[in-house]
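Trainee: For reference, this is query-v1.cif, and it has mmCIF, N, CA and C atoms and all ligand atoms.
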data_final
loop_
_atom_site.label_atom_id
_atom_site.label_comp_id
_atom_site.auth_asym_id
_atom_site.auth_seq_id
_atom_site.Cartn_x
_atom_site.Cartn_y
_atom_site.Cartn_z
N MET A 1 6.10 -38.68 -22.64
CA MET A 1 4.98 -38.26 -21.79
C MET A 1 3.79 -37.92 -22.67
N LYS A 2 2.61 -38.38 -22.27
CA LYS A 2 1.41 -38.08 -23.03
C LYS A 2 1.06 -36.60 -22.82
N GLN A 3 0.69 -35.93 -23.90
CA GLN A 3 0.41 -34.51 -23.79
C GLN A 3 -1.08 -34.27 -23.52
N SER A 4 -1.35 -33.27 -22.72
CA SER A 4 -2.74 -32.96 -22.39
C SER A 4 -3.44 -32.42 -23.64
N PRO A 5 -4.76 -32.55 -23.73
CA PRO A 5 -5.50 -32.05 -24.90
C PRO A 5 -5.23 -30.56 -25.15
N ASP A 6 -5.08 -29.79 -24.06
CA ASP A 6 -4.82 -28.35 -24.21
C ASP A 6 -3.54 -28.10 -24.99
N ILE A 7 -2.50 -28.86 -24.65
CA ILE A 7 -1.20 -28.68 -25.30
C ILE A 7 -1.27 -29.13 -26.76
N VAL A 8 -2.02 -30.21 -27.02
CA VAL A 8 -2.17 -30.68 -28.40
C VAL A 8 -2.86 -29.60 -29.24
N ASP A 9 -3.90 -28.97 -28.67
CA ASP A 9 -4.58 -27.88 -29.37
C ASP A 9 -3.63 -26.72 -29.63
N LEU A 10 -2.87 -26.37 -28.62
CA LEU A 10 -1.93 -25.25 -28.73
C LEU A 10 -0.93 -25.54 -29.85
N ASP A 11 -0.43 -26.77 -29.87
CA ASP A 11 0.53 -27.16 -30.88
C ASP A 11 -0.05 -26.93 -32.28
N LYS A 12 -1.30 -27.32 -32.45
CA LYS A 12 -1.97 -27.16 -33.74
C LYS A 12 -2.12 -25.68 -34.10
N ILE A 13 -2.53 -24.88 -33.11
CA ILE A 13 -2.71 -23.44 -33.36
C ILE A 13 -1.38 -22.80 -33.77
N LEU A 14 -0.32 -23.16 -33.04
CA LEU A 14 0.99 -22.56 -33.32
C LEU A 14 1.50 -22.95 -34.71
N ARG A 15 1.13 -24.14 -35.18
CA ARG A 15 1.58 -24.59 -36.50
C ARG A 15 0.77 -23.98 -37.63
N THR A 16 -0.46 -23.63 -37.37
CA THR A 16 -1.35 -23.26 -38.46
C THR A 16 -1.91 -21.86 -38.32
N SER A 17 -1.38 -21.07 -37.38
CA SER A 17 -1.91 -19.73 -37.14
C SER A 17 -2.04 -18.96 -38.46
N PRO A 18 -3.26 -18.51 -38.78
CA PRO A 18 -3.45 -17.74 -40.01
C PRO A 18 -2.88 -16.32 -39.86
N LEU A 19 -2.48 -15.96 -38.64
CA LEU A 19 -2.02 -14.60 -38.38
C LEU A 19 -0.59 -14.38 -38.85
N VAL A 20 0.18 -15.46 -38.88
CA VAL A 20 1.59 -15.35 -39.25
C VAL A 20 1.89 -16.41 -40.30
N ALA A 21 2.45 -15.98 -41.42
CA ALA A 21 2.74 -16.93 -42.51
C ALA A 21 3.61 -18.06 -41.99
N GLY A 22 3.15 -19.29 -42.19
CA GLY A 22 3.92 -20.45 -41.74
C GLY A 22 3.74 -20.78 -40.28
N GLY A 23 2.99 -19.96 -39.56
CA GLY A 23 2.78 -20.24 -38.14
C GLY A 23 4.02 -19.96 -37.32
N PHE A 24 3.97 -20.37 -36.06
CA PHE A 24 5.06 -20.09 -35.13
C PHE A 24 6.02 -21.26 -34.96
N MET A 25 5.72 -22.38 -35.65
CA MET A 25 6.55 -23.57 -35.46
C MET A 25 7.47 -23.83 -36.64
N GLY A 26 7.35 -23.04 -37.74
CA GLY A 26 8.20 -23.26 -38.91
C GLY A 26 8.05 -24.69 -39.40
N ASP A 27 9.19 -25.34 -39.69
CA ASP A 27 9.12 -26.74 -40.13
C ASP A 27 9.63 -27.66 -39.02
N ASP A 28 9.55 -27.19 -37.80
CA ASP A 28 10.04 -27.95 -36.64
C ASP A 28 9.11 -29.13 -36.38
N PRO A 29 9.62 -30.37 -36.45
CA PRO A 29 8.75 -31.53 -36.23
C PRO A 29 8.48 -31.80 -34.75
N ARG A 30 9.19 -31.10 -33.86
CA ARG A 30 9.03 -31.37 -32.42
C ARG A 30 7.71 -30.79 -31.90
N SER A 31 7.25 -31.29 -30.77
CA SER A 31 6.07 -30.71 -30.14
C SER A 31 6.45 -29.39 -29.49
N VAL A 32 5.45 -28.55 -29.23
CA VAL A 32 5.74 -27.26 -28.60
C VAL A 32 6.37 -27.47 -27.23
N THR A 33 5.95 -28.51 -26.51
CA THR A 33 6.52 -28.80 -25.19
C THR A 33 8.01 -29.13 -25.31
N GLU A 34 8.34 -29.91 -26.34
CA GLU A 34 9.74 -30.29 -26.56
C GLU A 34 10.59 -29.07 -26.91
N VAL A 35 10.04 -28.18 -27.74
CA VAL A 35 10.76 -26.97 -28.13
C VAL A 35 11.06 -26.13 -26.90
N ILE A 36 10.04 -25.94 -26.07
CA ILE A 36 10.19 -25.11 -24.87
C ILE A 36 11.17 -25.76 -23.89
N ASP A 37 11.05 -27.07 -23.70
CA ASP A 37 11.94 -27.76 -22.76
C ASP A 37 13.39 -27.72 -23.22
N THR A 38 13.61 -27.91 -24.52
CA THR A 38 14.97 -27.90 -25.05
C THR A 38 15.60 -26.51 -24.89
N ASP A 39 14.82 -25.47 -25.22
CA ASP A 39 15.33 -24.10 -25.08
C ASP A 39 15.58 -23.75 -23.62
N ALA A 40 14.72 -24.25 -22.72
CA ALA A 40 14.92 -24.00 -21.29
C ALA A 40 16.23 -24.62 -20.83
N GLY A 41 16.55 -25.80 -21.37
CA GLY A 41 17.81 -26.45 -21.04
C GLY A 41 19.01 -25.64 -21.51
N THR A 42 18.89 -25.06 -22.71
CA THR A 42 19.96 -24.22 -23.25
C THR A 42 20.16 -22.98 -22.36
N LEU A 43 19.05 -22.37 -21.96
CA LEU A 43 19.14 -21.16 -21.11
C LEU A 43 19.79 -21.49 -19.78
N PHE A 44 19.44 -22.67 -19.23
CA PHE A 44 20.01 -23.08 -17.95
C PHE A 44 21.53 -23.16 -18.06
N VAL A 45 22.01 -23.77 -19.16
CA VAL A 45 23.45 -23.90 -19.38
C VAL A 45 24.09 -22.51 -19.54
N LEU A 46 23.38 -21.61 -20.21
CA LEU A 46 23.91 -20.26 -20.44
C LEU A 46 23.82 -19.39 -19.18
N GLY A 47 23.01 -19.81 -18.21
CA GLY A 47 22.89 -19.05 -16.96
C GLY A 47 22.06 -17.80 -17.10
N VAL A 48 21.11 -17.81 -18.01
CA VAL A 48 20.23 -16.66 -18.22
C VAL A 48 18.79 -17.16 -18.20
N THR A 49 17.88 -16.37 -17.64
CA THR A 49 16.48 -16.79 -17.65
C THR A 49 15.75 -16.14 -18.82
N ALA A 50 14.63 -16.77 -19.19
CA ALA A 50 13.81 -16.22 -20.27
C ALA A 50 13.32 -14.82 -19.90
N LYS A 51 13.03 -14.61 -18.64
CA LYS A 51 12.55 -13.29 -18.20
C LYS A 51 13.63 -12.23 -18.34
N GLN A 52 14.87 -12.58 -18.06
CA GLN A 52 15.98 -11.63 -18.24
C GLN A 52 16.15 -11.28 -19.71
N ILE A 53 16.05 -12.28 -20.57
CA ILE A 53 16.16 -12.05 -22.01
C ILE A 53 15.04 -11.13 -22.49
N ALA A 54 13.81 -11.44 -22.08
CA ALA A 54 12.66 -10.64 -22.50
C ALA A 54 12.76 -9.21 -21.98
N ALA A 55 13.26 -9.04 -20.76
CA ALA A 55 13.38 -7.69 -20.19
C ALA A 55 14.38 -6.86 -21.00
N ARG A 56 15.47 -7.49 -21.43
CA ARG A 56 16.48 -6.79 -22.24
C ARG A 56 15.90 -6.45 -23.63
N MET A 57 15.14 -7.38 -24.21
CA MET A 57 14.51 -7.12 -25.51
C MET A 57 13.54 -5.94 -25.38
N ARG A 58 12.76 -5.95 -24.31
CA ARG A 58 11.79 -4.87 -24.07
C ARG A 58 12.50 -3.52 -23.95
N GLN A 59 13.61 -3.51 -23.20
CA GLN A 59 14.38 -2.29 -22.99
C GLN A 59 14.89 -1.74 -24.33
N ILE A 60 15.41 -2.64 -25.17
CA ILE A 60 15.95 -2.23 -26.48
C ILE A 60 14.82 -1.73 -27.39
N THR A 61 13.70 -2.44 -27.41
CA THR A 61 12.56 -2.00 -28.23
C THR A 61 12.07 -0.62 -27.76
N ASP A 62 11.97 -0.43 -26.46
CA ASP A 62 11.51 0.87 -25.94
C ASP A 62 12.46 2.00 -26.33
N MET A 63 13.77 1.72 -26.25
CA MET A 63 14.75 2.75 -26.62
C MET A 63 14.65 3.08 -28.11
N ALA A 64 14.59 2.04 -28.95
CA ALA A 64 14.59 2.24 -30.40
C ALA A 64 13.27 2.83 -30.89
N ALA A 65 12.18 2.52 -30.21
CA ALA A 65 10.86 3.00 -30.65
C ALA A 65 10.78 4.52 -30.62
N GLN A 66 11.55 5.13 -29.73
CA GLN A 66 11.52 6.59 -29.63
C GLN A 66 12.13 7.27 -30.85
N ALA A 67 12.94 6.53 -31.61
CA ALA A 67 13.63 7.13 -32.76
C ALA A 67 12.83 7.01 -34.06
N LEU A 68 11.66 6.42 -34.01
CA LEU A 68 10.75 6.39 -35.15
C LEU A 68 11.40 5.97 -36.47
N GLY A 69 11.79 4.71 -36.57
CA GLY A 69 12.25 4.18 -37.85
C GLY A 69 13.67 4.51 -38.25
N THR A 70 14.45 5.06 -37.33
CA THR A 70 15.87 5.26 -37.64
C THR A 70 16.71 4.48 -36.62
N TRP A 71 17.96 4.21 -36.98
CA TRP A 71 18.83 3.47 -36.08
C TRP A 71 19.14 4.27 -34.82
N THR A 72 19.09 3.60 -33.71
CA THR A 72 19.39 4.21 -32.41
C THR A 72 20.55 3.46 -31.78
N ASP A 73 21.51 4.18 -31.23
CA ASP A 73 22.58 3.51 -30.49
C ASP A 73 22.03 3.05 -29.15
N ILE A 74 22.18 1.74 -28.90
CA ILE A 74 21.74 1.18 -27.62
C ILE A 74 22.89 1.28 -26.62
N ASP A 75 24.07 0.90 -27.06
CA ASP A 75 25.29 1.08 -26.29
C ASP A 75 26.45 1.08 -27.29
N ALA A 76 27.68 0.95 -26.82
CA ALA A 76 28.84 1.07 -27.70
C ALA A 76 28.88 -0.02 -28.78
N ARG A 77 28.22 -1.16 -28.55
CA ARG A 77 28.33 -2.27 -29.51
C ARG A 77 27.01 -2.64 -30.18
N ARG A 78 25.96 -1.90 -29.89
CA ARG A 78 24.65 -2.29 -30.42
C ARG A 78 23.86 -1.10 -30.93
N GLN A 79 23.16 -1.33 -32.06
CA GLN A 79 22.19 -0.35 -32.51
C GLN A 79 20.90 -1.08 -32.85
N ALA A 80 19.80 -0.37 -32.76
CA ALA A 80 18.51 -1.02 -33.01
C ALA A 80 17.57 -0.06 -33.72
N MET A 81 16.60 -0.66 -34.43
CA MET A 81 15.59 0.12 -35.14
C MET A 81 14.25 -0.60 -35.01
N VAL A 82 13.20 0.19 -34.84
CA VAL A 82 11.85 -0.38 -34.77
C VAL A 82 11.08 0.01 -36.02
N ASP A 83 10.56 -1.00 -36.72
CA ASP A 83 9.68 -0.75 -37.87
C ASP A 83 8.26 -0.78 -37.38
N GLU A 84 7.57 0.32 -37.55
CA GLU A 84 6.19 0.36 -37.11
C GLU A 84 5.30 -0.37 -38.11
N VAL A 85 4.81 -1.51 -37.74
CA VAL A 85 3.84 -2.24 -38.53
C VAL A 85 2.52 -2.08 -37.80
N ARG A 86 1.54 -1.55 -38.50
CA ARG A 86 0.26 -1.31 -37.83
C ARG A 86 -0.40 -2.61 -37.42
N GLY A 87 -1.11 -2.56 -36.33
CA GLY A 87 -1.90 -3.71 -35.91
C GLY A 87 -1.30 -4.43 -34.72
N ALA A 88 -2.04 -5.39 -34.24
CA ALA A 88 -1.62 -6.15 -33.07
C ALA A 88 -2.00 -7.61 -33.28
N LEU A 89 -1.32 -8.47 -32.55
CA LEU A 89 -1.58 -9.91 -32.65
C LEU A 89 -1.93 -10.46 -31.28
N PRO A 90 -2.87 -11.38 -31.23
CA PRO A 90 -3.12 -12.05 -29.94
C PRO A 90 -2.07 -13.14 -29.74
N CYS A 91 -1.85 -13.53 -28.53
CA CYS A 91 -0.99 -14.68 -28.23
C CYS A 91 -1.79 -15.94 -28.52
N SER A 92 -1.09 -17.03 -28.91
CA SER A 92 -1.79 -18.29 -29.21
C SER A 92 -2.21 -19.03 -27.94
N TRP A 93 -1.61 -18.68 -26.81
CA TRP A 93 -2.00 -19.30 -25.56
C TRP A 93 -3.35 -18.73 -25.14
N PRO A 94 -4.12 -19.49 -24.40
CA PRO A 94 -5.47 -19.02 -24.04
C PRO A 94 -5.47 -17.98 -22.92
N HIS A 95 -5.23 -16.73 -23.28
CA HIS A 95 -5.37 -15.64 -22.30
C HIS A 95 -5.63 -14.35 -23.08
N ALA A 96 -6.09 -13.35 -22.40
CA ALA A 96 -6.41 -12.08 -23.06
C ALA A 96 -5.14 -11.28 -23.35
N GLY A 97 -5.24 -10.36 -24.31
CA GLY A 97 -4.11 -9.46 -24.56
C GLY A 97 -3.64 -9.53 -25.99
N ASP A 98 -3.42 -8.36 -26.60
CA ASP A 98 -2.86 -8.27 -27.94
C ASP A 98 -1.49 -7.61 -27.86
N TYR A 99 -0.64 -7.93 -28.85
CA TYR A 99 0.73 -7.43 -28.82
C TYR A 99 1.05 -6.76 -30.15
N PHE A 100 1.72 -5.63 -30.09
CA PHE A 100 2.04 -4.88 -31.31
C PHE A 100 2.79 -5.75 -32.30
N LYS A 101 2.47 -5.53 -33.59
CA LYS A 101 3.15 -6.26 -34.67
C LYS A 101 4.52 -5.67 -34.98
N ARG A 102 4.82 -4.48 -34.44
CA ARG A 102 6.07 -3.82 -34.81
C ARG A 102 7.27 -4.76 -34.60
N VAL A 103 8.27 -4.55 -35.44
CA VAL A 103 9.44 -5.43 -35.43
C VAL A 103 10.68 -4.64 -35.04
N THR A 104 11.42 -5.17 -34.09
CA THR A 104 12.68 -4.56 -33.67
C THR A 104 13.84 -5.31 -34.33
N THR A 105 14.75 -4.57 -34.95
CA THR A 105 15.97 -5.17 -35.50
C THR A 105 17.14 -4.70 -34.64
N LEU A 106 17.90 -5.65 -34.15
CA LEU A 106 19.07 -5.33 -33.33
C LEU A 106 20.31 -5.76 -34.08
N GLN A 107 21.28 -4.86 -34.17
CA GLN A 107 22.53 -5.21 -34.83
C GLN A 107 23.70 -4.95 -33.90
N ARG A 108 24.59 -5.93 -33.82
CA ARG A 108 25.84 -5.71 -33.09
C ARG A 108 26.81 -5.06 -34.05
N THR A 109 27.30 -3.90 -33.68
CA THR A 109 28.17 -3.17 -34.59
C THR A 109 29.58 -3.78 -34.63
N ASP A 110 29.93 -4.60 -33.62
CA ASP A 110 31.26 -5.22 -33.61
C ASP A 110 31.28 -6.51 -34.45
N SER A 111 30.26 -7.34 -34.35
CA SER A 111 30.26 -8.62 -35.06
C SER A 111 29.37 -8.61 -36.30
N GLY A 112 28.49 -7.61 -36.41
CA GLY A 112 27.56 -7.57 -37.54
C GLY A 112 26.34 -8.45 -37.34
N GLN A 113 26.31 -9.20 -36.24
CA GLN A 113 25.17 -10.08 -35.96
C GLN A 113 23.88 -9.27 -35.92
N THR A 114 22.87 -9.75 -36.63
CA THR A 114 21.59 -9.04 -36.67
C THR A 114 20.47 -10.01 -36.30
N ILE A 115 19.61 -9.58 -35.42
CA ILE A 115 18.44 -10.40 -35.07
C ILE A 115 17.20 -9.52 -35.05
N ARG A 116 16.05 -10.17 -35.18
CA ARG A 116 14.78 -9.44 -35.21
C ARG A 116 13.78 -10.09 -34.28
N TRP A 117 12.88 -9.28 -33.75
CA TRP A 117 11.78 -9.85 -32.96
C TRP A 117 10.58 -8.91 -33.01
N SER A 118 9.41 -9.47 -32.73
CA SER A 118 8.20 -8.67 -32.62
C SER A 118 7.86 -8.54 -31.14
N ASP A 119 6.92 -7.65 -30.82
CA ASP A 119 6.51 -7.52 -29.43
C ASP A 119 5.90 -8.81 -28.91
N LEU A 120 5.26 -9.56 -29.84
CA LEU A 120 4.68 -10.84 -29.43
C LEU A 120 5.79 -11.82 -29.01
N ASN A 121 6.94 -11.77 -29.71
CA ASN A 121 8.05 -12.63 -29.30
C ASN A 121 8.48 -12.33 -27.87
N ILE A 122 8.56 -11.05 -27.55
CA ILE A 122 8.98 -10.67 -26.19
C ILE A 122 8.03 -11.30 -25.17
N HIS A 123 6.73 -11.17 -25.47
CA HIS A 123 5.73 -11.74 -24.57
C HIS A 123 5.85 -13.26 -24.49
N MET A 124 5.96 -13.93 -25.64
CA MET A 124 5.98 -15.40 -25.63
C MET A 124 7.22 -15.94 -24.91
N ILE A 125 8.33 -15.21 -25.00
CA ILE A 125 9.54 -15.62 -24.29
C ILE A 125 9.35 -15.39 -22.78
N ALA A 126 8.84 -14.22 -22.41
CA ALA A 126 8.69 -13.89 -20.99
C ALA A 126 7.66 -14.79 -20.31
N ALA A 127 6.51 -14.96 -20.95
CA ALA A 127 5.40 -15.64 -20.28
C ALA A 127 5.39 -17.14 -20.51
N HIS A 128 5.90 -17.60 -21.65
CA HIS A 128 5.76 -19.01 -21.98
C HIS A 128 7.10 -19.69 -22.26
N GLY A 129 8.20 -18.96 -22.24
CA GLY A 129 9.51 -19.56 -22.53
C GLY A 129 9.58 -20.09 -23.95
N PHE A 130 8.78 -19.48 -24.84
CA PHE A 130 8.66 -19.99 -26.22
C PHE A 130 9.39 -19.08 -27.20
N PHE A 131 10.41 -19.63 -27.87
CA PHE A 131 11.23 -18.88 -28.82
C PHE A 131 10.83 -19.20 -30.26
N GLU A 132 9.73 -19.93 -30.43
CA GLU A 132 9.22 -20.40 -31.73
C GLU A 132 10.00 -21.62 -32.22
N GLY A 133 9.37 -22.31 -33.20
CA GLY A 133 9.98 -23.51 -33.74
C GLY A 133 11.04 -23.17 -34.78
N ARG A 134 11.91 -24.13 -35.06
CA ARG A 134 12.97 -23.91 -36.07
C ARG A 134 12.34 -23.72 -37.44
N GLY A 135 12.84 -22.74 -38.18
CA GLY A 135 12.33 -22.49 -39.52
C GLY A 135 11.22 -21.44 -39.55
N SER A 136 10.73 -21.02 -38.38
CA SER A 136 9.71 -19.97 -38.37
C SER A 136 10.40 -18.62 -38.59
N THR A 137 9.61 -17.64 -39.03
CA THR A 137 10.17 -16.34 -39.42
C THR A 137 10.98 -15.70 -38.29
N PHE A 138 10.48 -15.81 -37.05
CA PHE A 138 11.11 -15.06 -35.96
C PHE A 138 11.88 -15.93 -34.97
N ARG A 139 12.12 -17.19 -35.33
CA ARG A 139 12.93 -18.03 -34.46
C ARG A 139 14.35 -17.50 -34.40
N THR A 140 14.86 -17.24 -33.19
CA THR A 140 16.29 -17.01 -33.02
C THR A 140 16.74 -17.99 -31.96
N GLU A 141 17.81 -18.74 -32.25
CA GLU A 141 18.31 -19.69 -31.27
C GLU A 141 18.65 -18.94 -30.00
N PRO A 142 18.25 -19.46 -28.84
CA PRO A 142 18.52 -18.77 -27.57
C PRO A 142 19.98 -18.36 -27.39
N ALA A 143 20.90 -19.21 -27.81
CA ALA A 143 22.32 -18.88 -27.64
C ALA A 143 22.71 -17.66 -28.48
N GLU A 144 22.16 -17.57 -29.70
CA GLU A 144 22.43 -16.42 -30.57
C GLU A 144 21.81 -15.14 -29.99
N LEU A 145 20.60 -15.32 -29.45
CA LEU A 145 19.88 -14.20 -28.86
C LEU A 145 20.67 -13.64 -27.68
N VAL A 146 21.14 -14.53 -26.84
CA VAL A 146 21.91 -14.11 -25.65
C VAL A 146 23.19 -13.41 -26.08
N ALA A 147 23.85 -13.95 -27.13
CA ALA A 147 25.08 -13.33 -27.62
C ALA A 147 24.83 -11.93 -28.15
N ALA A 148 23.67 -11.74 -28.77
CA ALA A 148 23.37 -10.43 -29.35
C ALA A 148 22.95 -9.42 -28.28
N LEU A 149 22.24 -9.90 -27.28
CA LEU A 149 21.62 -8.99 -26.30
C LEU A 149 22.56 -8.53 -25.19
N PHE A 150 23.45 -9.46 -24.73
CA PHE A 150 24.24 -9.15 -23.52
C PHE A 150 25.72 -9.00 -23.80
ZN ZN B 1 0.77 -15.53 -24.09
#
Take the structure I supplied and represent it as structure tokens, if you would.
Ligand SMILES: [Zn+2]
Mentor:
Amino acid sequence: MKQSPDIVDLDKILRTSPLVAGGFMGDDPRSVTEVIDTDAGTLFVLGVTAKQIAARMRQITDMAAQALGTWTDIDARRQAMVDEVRGALPCSWPHAGDYFKRVTTLQRTDSGQTIRWSDLNIHMIAAHGFFEGRGSTFRTEPAELVAALF
């Protein structure tokens, strides 16, 4: 399918964003539309929506943020910590709004699985179904994310 000029621009911005080292696409050769569509297919198979994932991430970040840089028990199998990084980032999609740069680290205490995300990731997953391209700093495969969160 031919991509609209808007999507082509977005793809370029996500690959070259000066705000994040390496951009949001990592070394993923796929288009942003392909990345989003493929991840949407994975979520469909897993039976979880991007909004449910983002809501759970938000809940964990909110719980951990209260502990100011120390590990917080989320439940019997999970702990999380928020690193306060000053500043905010805009989303690459054309709309208003900045998102905190702070990073949440979630660890499963049973499996040792550890994942990280920024507030911008929560937004991009909730609003755009975008988990970033493979090889980018904050890409987590949707299946791994679901395993860690639920
Ligand atoms: Zn956005």
Trainee: Identify, counting all atoms listed in the file, the protein, DNA and RNA residues located within 7 Å of ligand ZN 1 (chain B), and give them as number ranges by chain.
Mentor: A: 90-95, 123-124, 127-128
Trainee: Based on the backbone DSSP call, show me all residues of stretch 35-93 of chain A assigned strand (DSSP E), as JSON, numbers by chain.
Mentor: {"A": [72, 73, 74, 75, 78, 79, 80, 81, 82, 83, 88, 89, 90]}
Trainee: Measure the distance from atom CA of A:Glu141 to atom N of A:Ile115 in Å and round it to one decimal.
Mentor: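 Going from atom CA of A:Glu141 over to atom N of A:Ile115, I get 11.0 Å.
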Trainee: So how many Å separate atom CA of A:Thr140 and atom C of A:Val48, to one decimal?
Mentor: 15.0 Å
Trainee: Could you state the separation of atom N of A:Leu120 and atom N of A:Leu10 in Å, given to one decimal place?
Mentor: 18.7 Å
Trainee: DSSP says helix (DSSP H, G or I) for which residues of chain A? Put them as a VMD selection string?
Mentor: chain A and resid 5 to 16 32 to 46 50 to 65 119 to 128 142 to 149
Trainee: From the list A:Arg139, A:Arg116, A:Lys12, A:Arg58, which residue is nearest A:Val32 when using all atoms listed in the file?
Mentor: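 Selected residue with least distance to A:Val32: A:Lys12.
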Trainee: Looking at only C-alpha atoms, which of A:Gly129, A:Gly47, A:Pro142, A:Gly87 is the one that sits closest to A:Glu34?
Mentor: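 Among the listed residues, the smallest separation from A:Glu34 belongs to A:Gly129.
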Trainee: With only C-alpha atoms as the basis for distance, which of A:Ile53, A:Asp6, A:Ile13, A:Val45 is at the shortest distance from A:Ile125?
Mentor: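 With only C-alpha atoms as the atom set, the closest residue is A:Ile53.
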